[in-house]
Every structure is written in structure tokens, then in C-alpha cells.
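S.K.: Contents of target_5.txt (compact mmCIF, C-alpha atoms):
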# COMPACT_ATOMS: atom_id res chain seq x y z
CA MET A 1 -4.68 12.90 35.67
CA SER A 2 -3.64 9.34 36.47
CA THR A 3 -1.08 7.48 34.35
CA SER A 4 -3.71 5.13 32.95
CA LEU A 5 -5.94 8.03 31.90
CA SER A 6 -2.96 9.78 30.28
CA ILE A 7 -2.24 6.60 28.34
CA PHE A 8 -5.90 6.24 27.35
CA LEU A 9 -6.05 9.85 26.18
CA THR A 10 -2.83 9.47 24.19
CA ILE A 11 -3.97 6.28 22.48
CA HIS A 12 -7.43 7.82 21.85
CA VAL A 13 -5.84 10.75 20.02
CA ILE A 14 -3.18 8.86 18.07
CA ILE A 15 -5.35 5.95 17.05
CA GLY A 16 -8.25 8.29 16.23
CA VAL A 17 -5.98 10.31 13.92
CA LEU A 18 -4.73 7.06 12.40
CA GLY A 19 -8.35 6.12 11.69
CA VAL A 20 -8.91 9.48 9.99
CA PHE A 21 -5.79 8.98 7.89
CA LEU A 22 -6.82 5.47 6.89
CA PHE A 23 -10.25 6.63 5.74
CA GLY A 24 -8.59 9.44 3.83
CA GLY A 25 -6.57 6.73 2.11
CA VAL A 26 -9.71 4.68 1.43
CA SER A 27 -11.51 7.69 -0.10
CA LEU A 28 -8.49 8.57 -2.25
CA GLY A 29 -8.05 4.92 -3.24
CA LEU A 30 -11.68 4.68 -4.37
CA LEU A 31 -11.17 7.65 -6.69
CA LYS A 32 -8.74 5.63 -8.81
CA LYS A 33 -9.90 4.00 -12.04
CA LYS A 34 -8.35 0.70 -10.97
CA ILE A 35 -8.57 0.17 -7.24
CA SER A 36 -6.06 -1.65 -5.09
CA VAL A 37 -8.44 -4.05 -3.34
CA LYS A 38 -5.91 -5.29 -0.79
CA MET A 39 -5.00 -1.75 0.29
CA LEU A 40 -8.66 -0.70 0.51
CA LYS A 41 -9.61 -3.76 2.53
CA TYR A 42 -6.87 -3.32 5.10
CA PHE A 43 -7.13 0.46 5.27
CA SER A 44 -10.90 0.37 5.79
CA LEU A 45 -10.72 -2.41 8.38
CA GLY A 46 -7.83 -0.67 10.13
CA GLY A 47 -9.82 2.56 10.10
CA LEU A 48 -12.89 0.89 11.62
CA ILE A 49 -10.82 -0.79 14.36
CA SER A 50 -9.06 2.52 15.05
CA TYR A 51 -12.38 4.34 15.43
CA LEU A 52 -13.74 1.60 17.71
CA ILE A 53 -10.68 1.72 19.98
CA ALA A 54 -10.79 5.54 20.01
CA TRP A 55 -14.49 5.29 20.92
CA VAL A 56 -13.91 2.99 23.89
CA LEU A 57 -10.84 4.78 25.29
CA GLY A 58 -12.21 8.25 24.63
CA GLY A 59 -15.50 7.26 26.16
CA HIS A 60 -13.80 5.96 29.28
CA TYR A 61 -11.78 9.19 29.63
CA TYR A 62 -14.92 11.25 29.01
CA ILE A 63 -17.04 9.43 31.62
CA VAL A 64 -14.38 8.97 34.29
CA HIS A 65 -12.41 12.21 34.02
CA TYR A 66 -13.72 14.87 31.65
CA GLY A 67 -17.09 15.52 33.28
CA SER A 68 -15.78 15.92 36.81
CA LYS A 69 -12.30 17.38 36.25
CA VAL A 70 -11.99 19.06 32.84
CA LYS A 71 -15.46 20.44 32.15
CA PRO A 72 -15.51 22.64 35.30
CA ILE A 73 -12.15 24.15 34.29
CA ILE A 74 -13.40 25.03 30.81
CA LYS A 75 -16.71 26.38 32.10
CA ALA A 76 -14.91 28.55 34.66
CA GLY A 77 -12.63 30.07 32.00
CA ASP A 78 -13.07 32.43 29.06
CA MET A 79 -13.86 29.72 26.57
CA THR A 80 -17.08 28.21 27.90
CA TRP A 81 -18.15 27.69 24.29
CA ALA A 82 -15.36 25.12 23.99
CA HIS A 83 -17.46 22.80 26.15
CA SER A 84 -20.99 24.00 25.35
CA ILE A 85 -20.54 23.91 21.59
CA VAL A 86 -17.37 22.07 20.63
CA MET A 87 -17.33 19.23 23.17
CA GLU A 88 -21.09 18.72 23.15
CA ALA A 89 -21.06 18.50 19.35
CA LYS A 90 -17.93 16.33 19.30
CA GLU A 91 -19.18 13.73 21.78
CA HIS A 92 -22.37 13.17 19.78
CA ILE A 93 -21.04 13.45 16.24
CA PHE A 94 -18.26 11.01 17.09
CA LEU A 95 -20.95 8.34 17.48
CA PHE A 96 -21.70 8.56 13.73
CA LEU A 97 -18.21 7.40 12.80
CA PRO A 98 -18.34 3.67 13.66
CA PHE A 99 -21.51 3.24 11.56
CA LEU A 100 -20.06 5.05 8.56
CA ALA A 101 -16.83 3.11 8.89
CA PHE A 102 -18.71 -0.18 9.17
CA VAL A 103 -20.68 0.42 5.96
CA SER A 104 -17.48 1.34 4.16
CA VAL A 105 -15.78 -1.87 5.35
CA VAL A 106 -18.75 -4.08 4.45
CA SER A 107 -19.04 -2.53 0.98
CA ILE A 108 -15.34 -2.94 0.21
CA TRP A 109 -14.97 -6.43 1.68
CA THR A 110 -18.10 -7.87 0.05
CA LEU A 111 -17.63 -6.33 -3.39
CA GLY A 112 -13.84 -6.13 -3.66
CA SER A 113 -12.61 -5.81 -7.23
CA SER A 114 -16.23 -5.85 -8.54
CA LEU A 115 -16.27 -2.16 -7.60
CA ASP A 116 -14.13 -1.43 -10.67
CA GLU A 117 -16.97 -2.73 -12.87
CA MET A 118 -19.49 -0.49 -11.08
CA PRO A 119 -17.98 3.01 -11.22
CA LYS A 120 -21.10 4.84 -10.00
CA PHE A 121 -21.42 2.42 -7.10
CA LYS A 122 -17.72 2.83 -6.32
CA LYS A 123 -18.27 6.57 -6.12
CA ALA A 124 -21.12 6.08 -3.64
CA VAL A 125 -18.88 3.92 -1.41
CA MET A 126 -16.20 6.61 -1.75
CA LEU A 127 -18.69 9.21 -0.49
CA VAL A 128 -19.47 7.17 2.63
CA SER A 129 -15.73 6.73 3.30
CA LEU A 130 -15.25 10.43 2.64
CA SER A 131 -17.86 11.32 5.27
CA ALA A 132 -16.00 9.07 7.76
CA PHE A 133 -12.88 11.03 6.83
CA ILE A 134 -14.35 14.55 6.93
CA ILE A 135 -16.22 13.99 10.20
CA GLY A 136 -13.06 12.43 11.65
CA ILE A 137 -11.10 15.57 10.77
CA LEU A 138 -13.73 17.76 12.47
CA ILE A 139 -13.56 15.58 15.59
CA ALA A 140 -9.75 15.79 15.68
CA LEU A 141 -9.78 19.57 15.33
CA ALA A 142 -12.46 19.84 18.01
CA GLY A 143 -10.22 17.84 20.30
CA ILE A 144 -7.40 20.37 19.90
CA VAL A 145 -9.74 23.24 20.77
CA ILE A 146 -11.05 21.48 23.86
CA SER A 147 -7.55 20.54 25.04
CA GLY A 148 -6.44 24.12 24.54
CA ALA A 149 -9.39 25.48 26.46
CA ALA A 150 -8.74 23.07 29.33
CA THR A 151 -5.09 23.98 29.74
CA ILE A 152 -4.86 27.64 28.79
CA MET B 1 -24.43 -13.69 -5.63
CA LEU B 2 -24.05 -9.99 -6.37
CA GLU B 3 -27.67 -9.43 -5.36
CA LYS B 4 -27.00 -11.08 -1.98
CA LYS B 5 -23.96 -8.86 -1.37
CA LEU B 6 -25.89 -5.74 -2.33
CA LYS B 7 -28.72 -6.67 0.05
CA ILE B 8 -26.24 -6.97 2.94
CA ILE B 9 -24.78 -3.57 2.09
CA ALA B 10 -28.28 -2.10 1.80
CA SER B 11 -29.32 -3.47 5.21
CA PHE B 12 -26.28 -2.00 6.97
CA THR B 13 -26.59 1.28 5.10
CA LEU B 14 -30.24 1.77 6.05
CA ALA B 15 -29.43 0.71 9.61
CA SER B 16 -26.66 3.35 9.75
CA ILE B 17 -29.05 6.02 8.50
CA ALA B 18 -31.53 5.01 11.21
CA SER B 19 -28.83 5.14 13.90
CA ILE B 20 -27.51 8.52 12.81
CA LEU B 21 -31.04 9.96 12.67
CA PHE B 22 -31.76 8.53 16.12
CA LEU B 23 -28.54 10.00 17.53
CA THR B 24 -29.35 13.42 16.11
CA PHE B 25 -32.88 13.28 17.49
CA ALA B 26 -31.76 11.98 20.89
CA THR B 27 -29.02 14.61 21.15
CA ILE B 28 -31.45 17.48 20.64
CA TYR B 29 -34.40 15.91 22.45
CA SER B 30 -32.41 15.18 25.60
CA GLU B 31 -31.53 18.88 25.90
CA PHE B 32 -35.24 19.76 26.09
CA ASN B 33 -36.61 16.70 27.83
CA LYS B 34 -35.01 16.19 31.23
CA PRO B 35 -36.98 13.01 32.04
CA PHE B 36 -35.55 11.39 28.87
CA LYS B 37 -32.02 12.42 29.81
CA ASP B 38 -32.59 11.24 33.38
CA TRP B 39 -33.87 7.90 32.09
CA LEU B 40 -30.71 7.48 30.01
CA VAL B 41 -28.56 8.22 33.09
CA LEU B 42 -30.60 5.86 35.28
CA THR B 43 -30.56 3.02 32.78
CA PHE B 44 -27.07 3.33 31.37
CA ASN B 45 -25.15 5.27 34.06
CA HIS B 46 -24.43 8.09 31.61
CA HIS B 47 -26.58 9.79 28.95
CA TRP B 48 -23.83 9.52 26.30
CA VAL B 49 -23.40 5.78 26.91
CA GLY B 50 -27.16 5.40 26.66
CA LYS B 51 -27.34 7.15 23.31
CA GLY B 52 -24.48 5.01 21.99
CA VAL B 53 -25.99 1.74 23.19
CA LEU B 54 -29.43 2.58 21.81
CA ALA B 55 -27.88 3.60 18.46
CA VAL B 56 -26.10 0.25 18.24
CA VAL B 57 -29.30 -1.63 19.16
CA ILE B 58 -31.26 0.28 16.52
CA PHE B 59 -28.50 -0.44 14.02
CA PHE B 60 -28.68 -4.20 14.45
CA VAL B 61 -32.48 -4.33 14.73
CA VAL B 62 -32.98 -2.33 11.51
CA ALA B 63 -30.22 -4.26 9.70
CA ILE B 64 -31.68 -7.65 10.61
CA LEU B 65 -35.29 -6.64 9.88
CA HIS B 66 -34.35 -5.15 6.52
CA TRP B 67 -32.24 -8.13 5.55
CA LEU B 68 -35.04 -10.56 6.47
CA ALA B 69 -37.55 -8.49 4.47
CA SER B 70 -35.18 -8.26 1.50
CA LEU B 71 -34.83 -12.06 1.37
CA LYS B 72 -38.39 -12.18 0.09
CA MET B 73 -37.92 -9.27 -2.31
CA HIS B 74 -36.24 -9.38 -5.71
CA PRO B 75 -36.10 -5.74 -6.68
CA ILE B 76 -34.93 -4.82 -10.15
CA ALA B 77 -31.93 -2.54 -10.60
CA VAL B 78 -30.72 -3.46 -7.12
CA ASP B 79 -27.38 -1.76 -7.47
CA THR B 80 -29.08 1.54 -8.32
CA LYS B 81 -31.22 1.41 -5.18
CA VAL B 82 -28.30 0.44 -2.95
CA ARG B 83 -26.19 3.16 -4.54
CA ARG B 84 -28.90 5.68 -3.71
CA ALA B 85 -28.99 4.40 -0.13
CA LEU B 86 -25.22 4.92 0.18
CA ILE B 87 -25.49 8.44 -1.19
CA SER B 88 -28.35 9.08 1.23
CA LEU B 89 -26.13 7.89 4.08
CA PHE B 90 -23.44 10.35 3.00
CA ILE B 91 -25.96 13.22 2.82
CA VAL B 92 -27.63 12.29 6.12
CA SER B 93 -24.29 12.07 7.96
CA ILE B 94 -23.12 15.47 6.72
CA LEU B 95 -26.50 17.12 7.36
CA ALA B 96 -26.77 15.53 10.81
CA THR B 97 -23.30 16.83 11.65
CA LEU B 98 -24.30 20.34 10.62
CA VAL B 99 -27.60 20.07 12.53
CA VAL B 100 -25.86 18.99 15.75
CA ILE B 101 -23.22 21.71 15.49
CA GLY B 102 -25.86 24.30 14.59
CA PHE B 103 -28.08 23.21 17.45
CA PHE B 104 -25.36 23.56 20.06
CA ILE B 105 -24.35 26.96 18.72
CA LEU B 106 -27.95 28.18 18.92
CA HIS B 107 -28.41 26.48 22.30
CA PHE B 108 -25.30 28.25 23.63
CA MET B 109 -26.62 31.56 22.32
CA LYS B 110 -29.89 30.74 24.13
CA ILE B 111 -31.87 30.92 20.88
CA PHE B 112 -33.06 27.31 21.38
CA MET C 1 16.29 10.56 23.79
CA ASN C 2 13.03 11.53 25.48
CA LEU C 3 9.59 11.30 23.90
CA HIS C 4 9.39 14.99 23.03
CA LEU C 5 12.72 14.91 21.22
CA PHE C 6 11.70 11.74 19.37
CA LEU C 7 8.42 13.33 18.24
CA VAL C 8 10.19 16.51 17.10
CA PHE C 9 12.71 14.39 15.18
CA ALA C 10 9.90 12.36 13.57
CA HIS C 11 8.07 15.58 12.69
CA ILE C 12 11.18 16.97 11.00
CA VAL C 13 11.68 13.72 9.07
CA GLY C 14 8.05 14.02 7.93
CA VAL C 15 8.62 17.59 6.79
CA VAL C 16 11.76 16.60 4.88
CA LEU C 17 9.99 13.73 3.13
CA GLY C 18 6.85 15.76 2.45
CA THR C 19 8.46 18.97 1.26
CA GLY C 20 11.17 17.05 -0.56
CA GLY C 21 8.60 14.74 -2.10
CA ALA C 22 6.49 17.68 -3.27
CA THR C 23 9.56 19.40 -4.72
CA PHE C 24 10.72 16.37 -6.65
CA ALA C 25 7.18 15.57 -7.77
CA GLU C 26 7.07 19.00 -9.37
CA ILE C 27 10.52 18.65 -10.93
CA PHE C 28 9.70 15.23 -12.38
CA TYR C 29 6.31 16.49 -13.59
CA LEU C 30 7.88 19.43 -15.45
CA LYS C 31 10.55 17.17 -16.96
CA ALA C 32 7.95 14.60 -18.04
CA LYS C 33 5.73 17.30 -19.55
CA ARG C 34 8.51 18.58 -21.84
CA ASP C 35 7.74 16.31 -24.77
CA GLY C 36 4.04 16.01 -23.96
CA VAL C 37 4.37 12.25 -23.44
CA PHE C 38 4.51 10.63 -20.00
CA GLU C 39 6.85 7.63 -20.40
CA PRO C 40 6.36 4.66 -18.02
CA LEU C 41 9.65 5.46 -16.21
CA GLU C 42 8.60 9.10 -15.76
CA VAL C 43 5.22 7.98 -14.38
CA ASP C 44 7.06 5.63 -12.02
CA TYR C 45 9.23 8.50 -10.71
CA LEU C 46 6.11 10.61 -10.17
CA LYS C 47 4.32 7.80 -8.34
CA THR C 48 7.38 7.29 -6.11
CA SER C 49 7.53 11.02 -5.32
CA TYR C 50 3.83 11.08 -4.42
CA PHE C 51 4.30 7.99 -2.25
CA VAL C 52 7.19 9.60 -0.34
CA LEU C 53 5.12 12.78 0.02
CA ARG C 54 2.21 10.82 1.53
CA VAL C 55 4.51 8.97 3.91
CA GLY C 56 5.86 12.36 4.96
CA LEU C 57 2.34 13.66 5.53
CA PHE C 58 1.47 10.59 7.59
CA ILE C 59 4.53 11.01 9.81
CA ILE C 60 3.89 14.75 10.19
CA VAL C 61 0.26 14.28 11.21
CA LEU C 62 0.90 11.47 13.68
CA SER C 63 3.98 13.05 15.27
CA GLY C 64 2.24 16.42 15.26
CA PHE C 65 -0.71 15.10 17.19
CA GLY C 66 1.73 13.30 19.48
CA LEU C 67 3.30 16.66 20.29
CA LEU C 68 -0.14 18.17 20.86
CA VAL C 69 -1.01 15.38 23.30
CA LEU C 70 2.23 16.05 25.17
CA LEU C 71 1.28 19.71 25.45
CA ARG C 72 -2.12 18.68 26.80
CA LEU C 73 -0.68 16.28 29.34
CA ASN C 74 1.79 18.92 30.51
CA GLU C 75 -1.09 21.41 30.86
CA PHE C 76 0.50 23.83 28.40
CA GLY C 77 -2.45 24.96 26.29
CA ASP C 78 -1.32 28.22 24.68
CA PRO C 79 0.22 26.68 21.52
CA LEU C 80 -2.94 24.57 21.04
CA LEU C 81 -4.93 27.71 20.36
CA GLY C 82 -2.09 29.65 18.71
CA VAL C 83 -2.10 31.25 15.27
CA LYS C 84 0.88 29.20 14.07
CA LEU C 85 -0.70 25.82 14.78
CA TRP C 86 -4.05 26.68 13.22
CA ALA C 87 -2.41 28.16 10.14
CA LYS C 88 -0.39 24.96 9.75
CA LEU C 89 -3.50 22.82 10.28
CA LEU C 90 -5.41 24.77 7.62
CA ILE C 91 -2.53 24.39 5.19
CA VAL C 92 -2.34 20.63 5.84
CA LEU C 93 -6.08 20.43 5.13
CA ILE C 94 -5.50 22.32 1.87
CA ILE C 95 -2.74 19.84 0.93
CA VAL C 96 -5.16 16.96 1.52
CA LEU C 97 -8.06 18.62 -0.31
CA ASN C 98 -5.74 19.43 -3.21
CA ALA C 99 -4.68 15.78 -3.39
CA PHE C 100 -8.32 14.70 -3.58
CA LEU C 101 -9.20 17.21 -6.25
CA ILE C 102 -6.17 16.28 -8.35
CA GLN C 103 -7.02 12.56 -8.04
CA ALA C 104 -10.64 13.31 -9.01
CA ARG C 105 -9.33 15.36 -11.97
CA LYS C 106 -11.22 18.41 -10.74
CA MET C 107 -8.09 20.53 -10.15
CA PRO C 108 -6.13 22.08 -13.04
CA MET C 109 -2.49 21.05 -12.68
CA TRP C 110 -1.20 24.63 -12.90
CA LEU C 111 -3.07 25.43 -9.67
CA GLY C 112 -2.69 22.01 -8.08
CA SER C 113 1.11 22.05 -8.43
CA SER C 114 1.35 25.56 -7.04
CA LEU C 115 -0.97 24.78 -4.13
CA SER C 116 1.04 21.68 -3.27
CA LEU C 117 4.47 23.34 -3.41
CA THR C 118 3.42 26.55 -1.69
CA SER C 119 1.55 24.68 1.03
CA TRP C 120 4.45 22.43 1.89
CA TYR C 121 6.97 25.27 1.98
CA THR C 122 4.64 27.59 3.93
CA ALA C 123 4.02 24.89 6.53
CA THR C 124 7.79 24.31 6.76
CA ILE C 125 8.50 28.02 7.23
CA LEU C 126 5.75 28.34 9.83
CA GLY C 127 7.20 25.38 11.69
CA LEU C 128 10.68 26.88 11.75
CA TRP C 129 9.68 30.45 12.54
CA ARG C 130 9.74 31.25 16.27
CA GLY C 131 7.50 34.10 17.43
CA ILE C 132 5.51 34.83 14.28
CA PRO C 133 4.38 38.48 14.53
CA TYR C 134 1.40 38.12 12.18
CA SER C 135 -2.24 37.31 12.67
CA PHE C 136 -3.96 34.24 11.22
CA GLY C 137 -5.59 36.36 8.52
CA GLN C 138 -2.30 37.96 7.52
CA ILE C 139 -0.57 34.57 7.25
CA ILE C 140 -3.37 33.17 5.06
CA ILE C 141 -3.40 36.23 2.79
CA PHE C 142 0.36 35.95 2.34
CA TYR C 143 -0.03 32.24 1.66
CA LEU C 144 -2.69 32.81 -1.01
CA LEU C 145 -0.59 35.48 -2.69
CA SER C 146 2.35 33.08 -2.65
CA VAL C 147 0.23 30.42 -4.37
CA MET C 148 -0.40 32.86 -7.23
CA VAL C 149 3.25 33.90 -7.44
CA VAL C 150 4.45 30.28 -7.46
CA ALA C 151 1.85 29.41 -10.11
CA TYR C 152 3.22 32.22 -12.28
CA VAL C 153 6.83 31.15 -11.71
CA LEU C 154 5.99 27.54 -12.60
CA HIS C 155 4.23 28.79 -15.72
CA ILE C 156 7.39 30.73 -16.76
CA ILE C 157 9.59 27.68 -16.12
CA ASP C 158 7.18 25.50 -18.08
CA LYS C 159 7.18 27.91 -21.05
CA ARG C 160 11.00 28.15 -21.00
CA ILE C 161 11.35 24.36 -20.96
CA LEU C 162 8.83 24.01 -23.80
CA LYS C 163 10.67 26.74 -25.77
CA SER C 164 14.05 25.01 -25.30
CA VAL C 165 12.58 21.66 -26.44
CA THR C 166 10.96 23.30 -29.51
CA ILE C 167 14.26 25.03 -30.44
CA LYS C 168 16.22 21.72 -30.09
CA LYS C 169 13.74 20.00 -32.41
What is this file in C-alpha cells?
M.R.:
Amino acid sequence: MSTSLSIFLTIHVIIGVLGVFLFGGVSLGLLKKKISVKMLKYFSLGGLISYLIAWVLGGHYYIVHYGSKVKPIIKAGDMTWAHSIVMEAKEHIFLFLPFLAFVSVVSIWTLGSSLDEMPKFKKAVMLVSLSAFIIGILIALAGIVISGAATI
Amino acid sequence: MLEKKLKIIASFTLASIASILFLTFATIYSEFNKPFKDWLVLTFNHHWVGKGVLAVVIFFVVAILHWLASLKMHPIAVDTKVRRALISLFIVSILATLVVIGFFILHFMKIF
Amino acid sequence: MNLHLFLVFAHIVGVVLGTGGATFAEIFYLKAKRDGVFEPLEVDYLKTSYFVLRVGLFIIVLSGFGLLVLLRLNEFGDPLLGVKLWAKLLIVLIIVLNAFLIQARKMPMWLGSSLSLTSWYTATILGLWRGIPYSFGQIIIFYLLSVMVVAYVLHIIDKRILKSVTIKK
């Protein structure tokens, strides 16, 4: 793997995990009776930007390197399911995240502190942020499995 | 003012639902329809890039169309409807995730 | 200091903050509960402990994934699929889920406190233990039993504190 690809992969993982963490923070923050609007705004925006960067860098790695160099190794080993199930699912489910993150950001930035006066609505925004968080966790765990299968 | 904000949120929420549903459909369909997958590769260089690009296009098209339509509409209880749309987005995203994972498991086991 | 050493150091700092934060959160919670009234200063101490705990978790997760990336780049995949890592990952997920349920007031504190403390200490022990001779299932069973034991111990401590406050009154 070239140095640039190693850097891309590293940033993809770290910034992706950061995005997951930020949306975890957003979901938790939206559970509070009185929200911290500033924190929610910056966490959600940071989470969206993190997911977008992870998308671009991960996508580049996937197109340029994974298909030709990593996939054959996994398919030749004992864990073919790591590609056929885990990677296939991961690469498609990942595409849901930017949309979920975007809706969360738009909701928080447009409504801000008004969310405190609309508790049921706040809960609905929390659920969307939560799905960005939960799916992000699944993606991160899938990444560990695939990396393990590629290097075992 | 609040109604305007809720309409923006509604447009993006419905657009996200459309994109996620498209992605789920395209993911499964492309495994059974080689010409579709080949078209994605031919047009976008890679099937995954194609699905992503089309999902983004659908997102903006649906968002703009919905927002334009909603300018003429003054629905009552707007926040209830938008809240339901957000909850639907949550449900759709989780279900779509399970469908994609389930599909690839069954596809690997050669059941589908 | 090379990158690996830096990440290990960061990971340990995260563990210290997280496990320490969880420990002090529990101590402050028990102390605050004594008279049944949560004074503003007591609430402030609790909030600070939870904040430190979350900072610890953040550092652990980021440095942990940094270490995993290093393993990947050095083509050393065995630990990525190992029992120890996946047990730790599950326990971290339980810590996060517990935090959500406590915030949403869907988790009774007797269980939430025990889950938090046991999870942090189990993850710490797993991290320190070289060559764990147990399977994933065995580790999780032991962990769940520990949660129950810790819940019971905390209950005893709570009753003793309440008894000593009642006697003083």
C-alpha cells in the first residue's frame, strides 16, 4: 500500500470514528430536558463533515486499492464472508450516513433552542441522530472485521 | 417562520427517505440485473460511485420538488407531520440496514 | 516517542480518566444520596465526573482505533479478530448504551451504576491481561456475573451509609 493510501485509510478510520462519536454526543444531548444548542450545532456539523470526509477518502481507497488488492486476499482466505457479507453491506449502508447526518444538522441548525419547546419533535430529531450513530458503529465494527480478514 | 423551517426539514427528510430507499433497491437490484450494474460501471466508472451519485441526485431533486410543492400548501399541524416524517426516516434507515445485511447473508448462502 | 507508543500512552490516559471518572462518579453519587437531597455542589461534582469519564471514553475510542489502524497497516490481523478486542468492544458498547438509558431515565440507577463500574473495570482488566485463556462467551458470562455481584455490593454500601446517617440523626 502506498503512503498516500495509508494516510487516506488512517484518516478515513479516525475521522469516521470521530463522526460516530459526535453523533453519539448529539443523540445524548437531545435527550436532555434543556439542550445545549451550541454544542449540538457544532457536534452535528462536525459529525456531518467527518462522515463526508470519511466517505471521500474511504471511497478513494475502496476504488483504487480494495477491489484489486484486498478483496482477492480475503476471497482466497478462510473468511470469504468478510467480503461477501460484511464489506458488501458496509459499502452500501455507509451511503445512508451522509443523508441522516444532513437531516440532523438541518433540524438542529434551523430550530435551535425552539426544540426545547417541542419535546416530541426533539425526540424525533434525536432518533434520526441516533440512527446516524448506530449505523456508524456498525460500519466501524465492520471495518475491523474486514481489516482482520485481509491481514490474518 | 416556524412553518418555513419545518417545511425545509420536511423536504430534506423526505428526500433522505427517497435516497435510502433507492440505495437499498439499487444494491439488491444490481446483484440480479447485470445490465444495470454494467450501466453504472460504464457511466460512473464504478457501480458504487454510480449508486452514490444517483442517490445524491435523487436527494436534491426530491428535496427541491417537495419544497416547491410545499410553498403552495399550508397544512395544519405541520410539526406533527414533519415529526412523523423524521420518525419514518429513522425507521426506514434501520430497516434498510437490516434488509441490506440480510440480503447479503442470504446471497452468500446462495438462497437469493 | 513513536506513534505506537504515543497511541498506547493516550489509550492508558483514556482508561485512567474513564475508570477513574466512573469510580468517582459512583462515590459522589453514593455520598450525595445519603440525605436524599442532591445539593447543587454535589450535582456539580457528579457532572464533572461524568464529563471526565466521557473525555476518557473519547480518548480510548480514538486511540484504540488508531492502534487498530496501525495493526492493519503492519499487516498484523490476528488481534483484530481476537477474543480480547471483541470483548472490550462489546463492553464499550454496553457503557455507551448504559449512558443513553440512564440519560433517558429508562435504566434503574442500581443497575446503571453497577453496569458502568463493572464495565470500566472489566475493560481495564482485559486490556492489561496478556494471553487471556478464556473464550468470548466465558468472558461475557463472568462479566455479567460481576455486574450482579457489584450491584449487590453497592446495595450493601448504600444500606450501610443510609443506616449510619439514620443513626446520627
S.K.: Write down, as a PyMOL selection string, each residue of chain B that has any atom within 8 Å of an atom of chain A, counting only C-alpha atoms.
M.R.: chain B and resi 2+5+9+12-13+16+19-20+23-24+27+46+48+52+79-80+83-84+86-87+89-90+93-94+97+100-101+104-105+108
S.K.: Give as a ChimeraX atom specification every residue of chain C that touches chain A within 8 Å, counting all atoms listed in the file.
M.R.: /C:58,61-62,65-66,68-69,72-73,75-81,100,103-104
S.K.: Hey, can you check how far CA of Leu14 in chain B sits from CA of Trp55 in chain A?
M.R.: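 Pair CA of Leu14 in chain B / CA of Trp55 in chain A returns 21.9 Å.
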S.K.: List the neighbours of Lys31 in chain C out to 12 Å using all atoms listed in the file; skip same-chain residues closer than 6 positions along the sequence, and give me the result as an MDAnalysis selection string.
M.R.: chainID C and resid 24:25 37:39 41:43 45:46 157:162 164:165
S.K.: Include C-alpha atoms and write out the residues we just selected as an mmCIF file, in the frame of the given file.
M.R.:
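To be explicit, this is the file written out as selection04.cif:
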data_model
loop_
_atom_site.group_PDB
_atom_site.id
_atom_site.type_symbol
_atom_site.label_atom_id
_atom_site.label_comp_id
_atom_site.auth_asym_id
_atom_site.auth_seq_id
_atom_site.Cartn_x
_atom_site.Cartn_y
_atom_site.Cartn_z
ATOM 1 C CA PHE C 24 10.720 16.370 -6.650
ATOM 2 C CA ALA C 25 7.180 15.570 -7.770
ATOM 3 C CA VAL C 37 4.370 12.250 -23.440
ATOM 4 C CA PHE C 38 4.510 10.630 -20.000
ATOM 5 C CA GLU C 39 6.850 7.630 -20.400
ATOM 6 C CA LEU C 41 9.650 5.460 -16.210
ATOM 7 C CA GLU C 42 8.600 9.100 -15.760
ATOM 8 C CA VAL C 43 5.220 7.980 -14.380
ATOM 9 C CA TYR C 45 9.230 8.500 -10.710
ATOM 10 C CA LEU C 46 6.110 10.610 -10.170
ATOM 11 C CA ILE C 157 9.590 27.680 -16.120
ATOM 12 C CA ASP C 158 7.180 25.500 -18.080
ATOM 13 C CA LYS C 159 7.180 27.910 -21.050
ATOM 14 C CA ARG C 160 11.000 28.150 -21.000
ATOM 15 C CA ILE C 161 11.350 24.360 -20.960
ATOM 16 C CA LEU C 162 8.830 24.010 -23.800
ATOM 17 C CA SER C 164 14.050 25.010 -25.300
ATOM 18 C CA VAL C 165 12.580 21.660 -26.440
#
S.K.: Would you work out the distance separating CA of Glu31 in chain B from CA of Gly102 in chain B, expressed in Å to one decimal?
M.R.: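 So the two atoms, CA of Glu31 in chain B and CA of Gly102 in chain B, lie 13.8 Å apart.
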S.K.: Would you compute the distance between CA of Lys37 in chain B and CA of His65 in chain A? Give it in Å to one decimal.
M.R.: 20.1 Å
